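Data block for entry24.cif (mmCIF, C-alpha atoms):
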```
data_entry
loop_
_atom_site.group_PDB
_atom_site.id
_atom_site.type_symbol
_atom_site.label_atom_id
_atom_site.label_comp_id
_atom_site.auth_asym_id
_atom_site.auth_seq_id
_atom_site.Cartn_x
_atom_site.Cartn_y
_atom_site.Cartn_z
ATOM 1 C CA MET A 1 -12.295 -15.607 -24.158
ATOM 2 C CA THR A 2 -10.357 -15.710 -20.922
ATOM 3 C CA ILE A 3 -11.317 -18.398 -18.393
ATOM 4 C CA THR A 4 -11.469 -16.461 -15.139
ATOM 5 C CA ASN A 5 -11.335 -17.613 -11.538
ATOM 6 C CA ALA A 6 -15.041 -16.732 -11.167
ATOM 7 C CA MET A 7 -15.878 -19.046 -14.086
ATOM 8 C CA ARG A 8 -13.730 -21.858 -12.664
ATOM 9 C CA LEU A 9 -15.440 -21.555 -9.282
ATOM 10 C CA LEU A 10 -18.952 -21.713 -10.775
ATOM 11 C CA LYS A 11 -17.963 -24.685 -12.919
ATOM 12 C CA GLN A 12 -16.483 -26.511 -9.884
ATOM 13 C CA ALA A 13 -19.712 -25.839 -7.965
ATOM 14 C CA GLY A 14 -21.784 -27.242 -10.831
ATOM 15 C CA ILE A 15 -23.656 -23.968 -11.369
ATOM 16 C CA PRO A 16 -24.733 -23.518 -14.984
ATOM 17 C CA PHE A 17 -23.692 -20.237 -16.581
ATOM 18 C CA GLU A 18 -22.923 -18.650 -19.920
ATOM 19 C CA THR A 19 -20.454 -15.931 -20.792
ATOM 20 C CA SER A 20 -20.538 -12.905 -23.019
ATOM 21 C CA GLU A 21 -17.746 -10.601 -24.162
ATOM 22 C CA TYR A 22 -17.817 -6.951 -25.128
ATOM 23 C CA GLU A 23 -15.324 -4.346 -26.345
ATOM 24 C CA VAL A 24 -13.846 -2.411 -23.411
ATOM 25 C CA ASP A 25 -13.765 1.364 -23.701
ATOM 26 C CA GLU A 26 -11.166 2.620 -21.194
ATOM 27 C CA SER A 27 -12.805 6.063 -21.268
ATOM 28 C CA ASP A 28 -16.190 4.576 -20.254
ATOM 29 C CA LEU A 29 -16.005 1.685 -17.795
ATOM 30 C CA SER A 30 -19.652 2.084 -16.812
ATOM 31 C CA GLY A 31 -21.965 -0.871 -16.601
ATOM 32 C CA VAL A 32 -24.449 0.950 -18.805
ATOM 33 C CA HIS A 33 -21.812 0.972 -21.553
ATOM 34 C CA ALA A 34 -21.300 -2.755 -20.977
ATOM 35 C CA ALA A 35 -25.055 -3.417 -21.249
ATOM 36 C CA GLU A 36 -25.286 -1.343 -24.435
ATOM 37 C CA SER A 37 -22.278 -3.148 -25.911
ATOM 38 C CA LEU A 38 -23.889 -6.499 -25.106
ATOM 39 C CA GLY A 39 -27.243 -5.339 -26.485
ATOM 40 C CA VAL A 40 -29.121 -6.217 -23.293
ATOM 41 C CA ASP A 41 -31.459 -4.452 -20.878
ATOM 42 C CA PRO A 42 -29.335 -2.568 -18.284
ATOM 43 C CA ASP A 43 -31.779 -3.723 -15.589
ATOM 44 C CA CYS A 44 -30.443 -7.300 -15.858
ATOM 45 C CA VAL A 45 -26.752 -6.305 -15.833
ATOM 46 C CA PHE A 46 -25.442 -5.957 -12.276
ATOM 47 C CA LYS A 47 -22.394 -4.037 -11.098
ATOM 48 C CA THR A 48 -20.452 -5.095 -8.020
ATOM 49 C CA LEU A 49 -19.742 -2.364 -5.486
ATOM 50 C CA VAL A 50 -17.851 -2.599 -2.211
ATOM 51 C CA ALA A 51 -18.598 -0.475 0.842
ATOM 52 C CA ARG A 52 -17.299 -0.485 4.400
ATOM 53 C CA GLY A 53 -19.198 -0.217 7.636
ATOM 54 C CA GLU A 54 -17.788 0.796 11.005
ATOM 55 C CA LYS A 55 -18.807 -2.393 12.848
ATOM 56 C CA HIS A 56 -18.645 -5.224 10.327
ATOM 57 C CA GLY A 57 -16.149 -3.990 7.722
ATOM 58 C CA PRO A 58 -16.482 -4.566 3.978
ATOM 59 C CA HIS A 59 -19.821 -5.489 2.412
ATOM 60 C CA VAL A 60 -20.493 -6.254 -1.256
ATOM 61 C CA PHE A 61 -23.538 -4.943 -3.125
ATOM 62 C CA CYS A 62 -24.673 -6.008 -6.604
ATOM 63 C CA ILE A 63 -27.121 -3.614 -8.223
ATOM 64 C CA PRO A 64 -28.411 -2.898 -11.737
ATOM 65 C CA VAL A 65 -25.831 -0.868 -13.659
ATOM 66 C CA ALA A 66 -28.096 2.141 -14.260
ATOM 67 C CA GLN A 67 -28.997 2.435 -10.560
ATOM 68 C CA GLU A 68 -27.282 4.071 -7.589
ATOM 69 C CA LEU A 69 -26.729 2.632 -4.142
ATOM 70 C CA ASP A 70 -28.855 4.055 -1.358
ATOM 71 C CA LEU A 71 -26.288 4.097 1.451
ATOM 72 C CA LYS A 72 -28.983 4.246 4.161
ATOM 73 C CA LYS A 73 -30.637 1.105 2.795
ATOM 74 C CA CYS A 74 -27.197 -0.484 2.468
ATOM 75 C CA ALA A 75 -26.328 0.304 6.072
ATOM 76 C CA ALA A 76 -29.576 -1.291 7.227
ATOM 77 C CA ALA A 77 -28.935 -4.379 5.069
ATOM 78 C CA ALA A 78 -25.398 -4.668 6.471
ATOM 79 C CA GLY A 79 -26.446 -4.119 10.095
ATOM 80 C CA GLU A 80 -24.508 -0.860 10.247
ATOM 81 C CA LYS A 81 -25.326 2.654 11.436
ATOM 82 C CA LYS A 82 -23.335 4.112 8.564
ATOM 83 C CA ILE A 83 -21.655 2.678 5.485
ATOM 84 C CA GLU A 84 -19.482 4.305 2.836
ATOM 85 C CA MET A 85 -17.960 3.264 -0.457
ATOM 86 C CA ILE A 86 -14.346 2.111 -0.368
ATOM 87 C CA HIS A 87 -11.761 4.074 -2.351
ATOM 88 C CA VAL A 88 -10.961 2.688 -5.804
ATOM 89 C CA LYS A 89 -7.306 2.220 -4.762
ATOM 90 C CA GLU A 90 -8.502 -0.240 -2.061
ATOM 91 C CA LEU A 91 -10.469 -2.413 -4.480
ATOM 92 C CA LEU A 92 -7.643 -4.569 -5.878
ATOM 93 C CA PRO A 93 -5.861 -5.287 -2.567
ATOM 94 C CA LEU A 94 -9.189 -5.990 -0.829
ATOM 95 C CA THR A 95 -10.991 -8.057 -3.472
ATOM 96 C CA GLY A 96 -8.393 -9.108 -6.034
ATOM 97 C CA TYR A 97 -10.367 -7.293 -8.734
ATOM 98 C CA ILE A 98 -9.968 -3.988 -10.583
ATOM 99 C CA ARG A 99 -12.573 -1.305 -11.256
ATOM 100 C CA GLY A 100 -14.725 -2.353 -14.178
ATOM 101 C CA GLY A 101 -13.918 -6.020 -13.573
ATOM 102 C CA CYS A 102 -15.075 -6.659 -10.011
ATOM 103 C CA SER A 103 -17.040 -9.882 -9.656
ATOM 104 C CA PRO A 104 -19.089 -10.980 -6.633
ATOM 105 C CA ILE A 105 -17.632 -14.465 -7.240
ATOM 106 C CA GLY A 106 -14.162 -15.419 -6.035
ATOM 107 C CA MET A 107 -12.993 -12.370 -4.118
ATOM 108 C CA LYS A 108 -9.811 -12.793 -2.049
ATOM 109 C CA LYS A 109 -11.981 -13.104 1.055
ATOM 110 C CA LYS A 110 -15.663 -13.936 1.468
ATOM 111 C CA PHE A 111 -17.537 -10.749 2.353
ATOM 112 C CA PRO A 112 -21.225 -10.427 3.242
ATOM 113 C CA THR A 113 -23.045 -9.797 -0.021
ATOM 114 C CA THR A 114 -26.393 -8.281 -0.968
ATOM 115 C CA LEU A 115 -28.036 -8.608 -4.376
ATOM 116 C CA ASP A 116 -30.588 -5.939 -5.179
ATOM 117 C CA GLU A 117 -34.026 -7.521 -4.949
ATOM 118 C CA THR A 118 -34.757 -6.708 -8.611
ATOM 119 C CA ALA A 119 -32.421 -9.575 -9.577
ATOM 120 C CA ILE A 120 -35.189 -12.081 -8.830
ATOM 121 C CA LEU A 121 -37.289 -10.551 -11.623
ATOM 122 C CA PHE A 122 -34.950 -12.164 -14.180
ATOM 123 C CA ASP A 123 -34.260 -15.779 -15.125
ATOM 124 C CA LYS A 124 -30.647 -14.777 -15.747
ATOM 125 C CA ILE A 125 -28.554 -11.775 -14.774
ATOM 126 C CA TYR A 126 -25.162 -10.572 -15.958
ATOM 127 C CA VAL A 127 -22.309 -10.019 -13.488
ATOM 128 C CA SER A 128 -18.639 -9.371 -14.113
ATOM 129 C CA ALA A 129 -16.549 -12.445 -14.790
ATOM 130 C CA GLY A 130 -13.641 -10.799 -12.965
ATOM 131 C CA VAL A 131 -12.037 -9.020 -15.908
ATOM 132 C CA ARG A 132 -13.092 -6.043 -17.991
ATOM 133 C CA GLY A 133 -15.039 -7.013 -21.091
ATOM 134 C CA GLU A 134 -16.268 -10.375 -19.829
ATOM 135 C CA GLN A 135 -19.639 -11.115 -18.220
ATOM 136 C CA ILE A 136 -21.093 -14.215 -16.583
ATOM 137 C CA ILE A 137 -24.769 -14.873 -17.274
ATOM 138 C CA VAL A 138 -26.292 -16.831 -14.394
ATOM 139 C CA ASN A 139 -29.549 -17.517 -12.588
ATOM 140 C CA PRO A 140 -29.746 -14.975 -9.725
ATOM 141 C CA GLU A 141 -31.032 -17.495 -7.176
ATOM 142 C CA ALA A 142 -28.237 -19.953 -7.993
ATOM 143 C CA LEU A 143 -25.717 -17.111 -7.732
ATOM 144 C CA ALA A 144 -27.144 -15.913 -4.401
ATOM 145 C CA ALA A 145 -27.067 -19.436 -2.974
ATOM 146 C CA TYR A 146 -23.435 -19.899 -4.065
ATOM 147 C CA ILE A 147 -22.098 -16.565 -2.765
ATOM 148 C CA GLY A 148 -24.369 -16.467 0.292
ATOM 149 C CA ALA A 149 -26.159 -13.290 -0.778
ATOM 150 C CA ASP A 150 -29.470 -11.882 0.412
ATOM 151 C CA PHE A 151 -31.983 -10.159 -1.859
ATOM 152 C CA VAL A 152 -32.694 -6.663 -0.491
ATOM 153 C CA ASP A 153 -33.783 -3.314 -1.956
ATOM 154 C CA VAL A 154 -30.576 -1.245 -1.786
ATOM 155 C CA THR A 155 -31.011 1.233 -4.654
ATOM 156 C CA LYS A 156 -32.266 4.810 -4.710
ATOM 157 C CA GLY A 157 -35.775 5.524 -5.872
#
```
Rewrite the coordinates I just gave you, this time as structure tokens.
Amino acid sequence: MTITNAMRLLKQAGIPFETSEYEVDESDLSGVHAAESLGVDPDCVFKTLVARGEKHGPHVFCIPVAQELDLKKCAAAAGEKKIEMIHVKELLPLTGYIRGGCSPIGMKKKFPTTLDETAILFDKIYVSAGVRGEQIIVNPEALAAYIGADFVDVTKG
């Protein structure tokens, strides 16, 4: 197991967490594949997505891996008229993370963050540890308090 920056930050903050590893399939970097590999309900595994608004710039959204962002709901949550996903090539320079390993913890810069409201239905959720194949298992309220996230409905459906 690799000790990632996200893990170090949670440990320094005194936030209890566990970790879980899974085999990375380069041909399927989806969160659903990660959930299946871990043998857990995809509803409690959250992917980290980054979008950009015209007024306030980048905004981070964490949603269940089997769900899709509703960009209108995201724009409202971010205080924007319109918001769109950033290009994959922007992810590493902007956040310090690569696709399939983007964590809401320890990005290069602190961006406003929204956790989908379904996170509060679970005692623990899974989020990327900052590398592919490694997940952090943490209480969603402790995570939200640490990263300054709000709980808002931002998925389609």
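Taking all atoms listed in the file into account, A:Cys44 lies nearest to A:Glu117 out of the set A:Glu134, A:Glu117, A:Asp28, A:Asp70.
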Return as a compact mmCIF listing (two decimals) with C-alpha atoms, in the coordinates of the input the set of residues that the PyMOL selection byres ((chain A and resi 6-17) around 8) yields on the displayed structure.
```
# COMPACT_ATOMS: atom_id res chain seq x y z
CA ILE A 3 -11.32 -18.40 -18.39
CA THR A 4 -11.47 -16.46 -15.14
CA ASN A 5 -11.34 -17.61 -11.54
CA GLU A 18 -22.92 -18.65 -19.92
CA THR A 19 -20.45 -15.93 -20.79
CA SER A 103 -17.04 -9.88 -9.66
CA ILE A 105 -17.63 -14.46 -7.24
CA GLY A 106 -14.16 -15.42 -6.04
CA ALA A 129 -16.55 -12.44 -14.79
CA GLY A 130 -13.64 -10.80 -12.96
CA ILE A 136 -21.09 -14.22 -16.58
CA ILE A 137 -24.77 -14.87 -17.27
CA VAL A 138 -26.29 -16.83 -14.39
CA ASN A 139 -29.55 -17.52 -12.59
CA ALA A 142 -28.24 -19.95 -7.99
```
Run through the PyMOL selection byres ((chain A and resi 118) around 9) on the given coordinates and return the selected residues as number ranges by chain.
A: 43-44, 63-64, 115-117, 119-122, 151-153
Applying the PyMOL selection byres ((chain A and resi 41) around 12) to the file I just gave you, which residues come out? Please list them as a PyMOL selection string. chain A and resi 31-40+42-46+64-66+122+124-126
One decimal place gives the atom CA of A:Ile83-atom CA of A:Glu26 separation as 28.7 Å
From the list A:Thr2, A:Ser27, A:Gln67, A:Thr48, the nearest residue to A:Pro104 using all atoms listed in the file is A:Thr48
Exercise. Skip A:His56 itself and residues of its chain fewer than 3 positions away, then list as a PyMOL selection string all residues within 9 Å of it, counting all atoms listed in the file.
Key: chain A and resi 52-53+59+78-80
**Message:** Report, in Å with one decimal, the straight-line distance from atom CA of A:Tyr22 to atom CA of A:Phe111.
**Reply:**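 Atom CA of A:Phe111 lies at a distance of 27.7 Å from atom CA of A:Tyr22.
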Quick one: pull the distance between atom CA of A:Tyr97 and atom CA of A:Ala76, Å, one decimal.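 Separation between atom CA of A:Tyr97 and atom CA of A:Ala76: 25.7 Å.
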Exercise for the section: Find the spatial neighbours of A:Lys89, counting all atoms listed in the file, within a cut-off of 12 Å - ignore same-chain residues fewer than 4 positions away - and output them as a list in words. Expected result: Val50, Met85, Pro93, Leu94, Thr95, Gly96, Tyr97, Ile98 and Arg99 of chain A
Give me the box for stretch 59-72 of chain A as lines of an AutoDock Vina configuration file, namely the centre and edge lengths in Å to one decimal of a box along x, y and z that holds every listed atom plus 5 Å on each side.
```
center_x = -24.4
center_y = -1.0
center_z = -5.0
size_x = 19.2
size_y = 20.5
size_z = 28.4
```
Since the input is missing atoms for stretch 68-81 of chain A, could you rebuild it with N, CA and C atoms and give the result as a PDB file, in the frame of the given file?
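As written to disk, rebuild-v2.pdb reads:
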```pdb
ATOM      1  N   GLU A  68     -28.241   3.620  -8.588  1.00  0.00           N
ATOM      2  CA  GLU A  68     -27.282   4.071  -7.589  1.00  0.00           C
ATOM      3  C   GLU A  68     -27.589   3.420  -6.254  1.00  0.00           C
ATOM      4  N   LEU A  69     -26.542   3.165  -5.491  1.00  0.00           N
ATOM      5  CA  LEU A  69     -26.729   2.632  -4.142  1.00  0.00           C
ATOM      6  C   LEU A  69     -27.396   3.672  -3.255  1.00  0.00           C
ATOM      7  N   ASP A  70     -28.302   3.221  -2.419  1.00  0.00           N
ATOM      8  CA  ASP A  70     -28.855   4.055  -1.358  1.00  0.00           C
ATOM      9  C   ASP A  70     -28.094   3.638  -0.096  1.00  0.00           C
ATOM     10  N   LEU A  71     -27.167   4.477   0.344  1.00  0.00           N
ATOM     11  CA  LEU A  71     -26.288   4.097   1.451  1.00  0.00           C
ATOM     12  C   LEU A  71     -27.036   3.851   2.756  1.00  0.00           C
ATOM     13  N   LYS A  72     -28.180   4.514   2.946  1.00  0.00           N
ATOM     14  CA  LYS A  72     -28.983   4.246   4.161  1.00  0.00           C
ATOM     15  C   LYS A  72     -29.569   2.841   4.108  1.00  0.00           C
ATOM     16  N   LYS A  73     -30.105   2.463   2.952  1.00  0.00           N
ATOM     17  CA  LYS A  73     -30.637   1.105   2.795  1.00  0.00           C
ATOM     18  C   LYS A  73     -29.516   0.076   2.921  1.00  0.00           C
ATOM     19  N   CYS A  74     -28.346   0.419   2.387  1.00  0.00           N
ATOM     20  CA  CYS A  74     -27.197  -0.484   2.468  1.00  0.00           C
ATOM     21  C   CYS A  74     -26.759  -0.689   3.916  1.00  0.00           C
ATOM     22  N   ALA A  75     -26.714   0.397   4.665  1.00  0.00           N
ATOM     23  CA  ALA A  75     -26.328   0.304   6.072  1.00  0.00           C
ATOM     24  C   ALA A  75     -27.292  -0.606   6.821  1.00  0.00           C
ATOM     25  N   ALA A  76     -28.582  -0.437   6.561  1.00  0.00           N
ATOM     26  CA  ALA A  76     -29.576  -1.291   7.227  1.00  0.00           C
ATOM     27  C   ALA A  76     -29.377  -2.750   6.829  1.00  0.00           C
ATOM     28  N   ALA A  77     -29.138  -3.007   5.549  1.00  0.00           N
ATOM     29  CA  ALA A  77     -28.935  -4.379   5.069  1.00  0.00           C
ATOM     30  C   ALA A  77     -27.683  -5.006   5.678  1.00  0.00           C
ATOM     31  N   ALA A  78     -26.668  -4.174   5.933  1.00  0.00           N
ATOM     32  CA  ALA A  78     -25.398  -4.668   6.471  1.00  0.00           C
ATOM     33  C   ALA A  78     -25.357  -4.656   7.998  1.00  0.00           C
ATOM     34  N   GLY A  79     -26.433  -4.188   8.634  1.00  0.00           N
ATOM     35  CA  GLY A  79     -26.446  -4.119  10.095  1.00  0.00           C
ATOM     36  C   GLY A  79     -25.515  -3.042  10.630  1.00  0.00           C
ATOM     37  N   GLU A  80     -25.397  -1.958   9.883  1.00  0.00           N
ATOM     38  CA  GLU A  80     -24.508  -0.860  10.247  1.00  0.00           C
ATOM     39  C   GLU A  80     -25.309   0.414  10.478  1.00  0.00           C
ATOM     40  N   LYS A  81     -24.736   1.319  11.289  1.00  0.00           N
ATOM     41  CA  LYS A  81     -25.326   2.654  11.436  1.00  0.00           C
ATOM     42  C   LYS A  81     -25.036   3.485  10.194  1.00  0.00           C
TER      43      LYS A  81
END
```
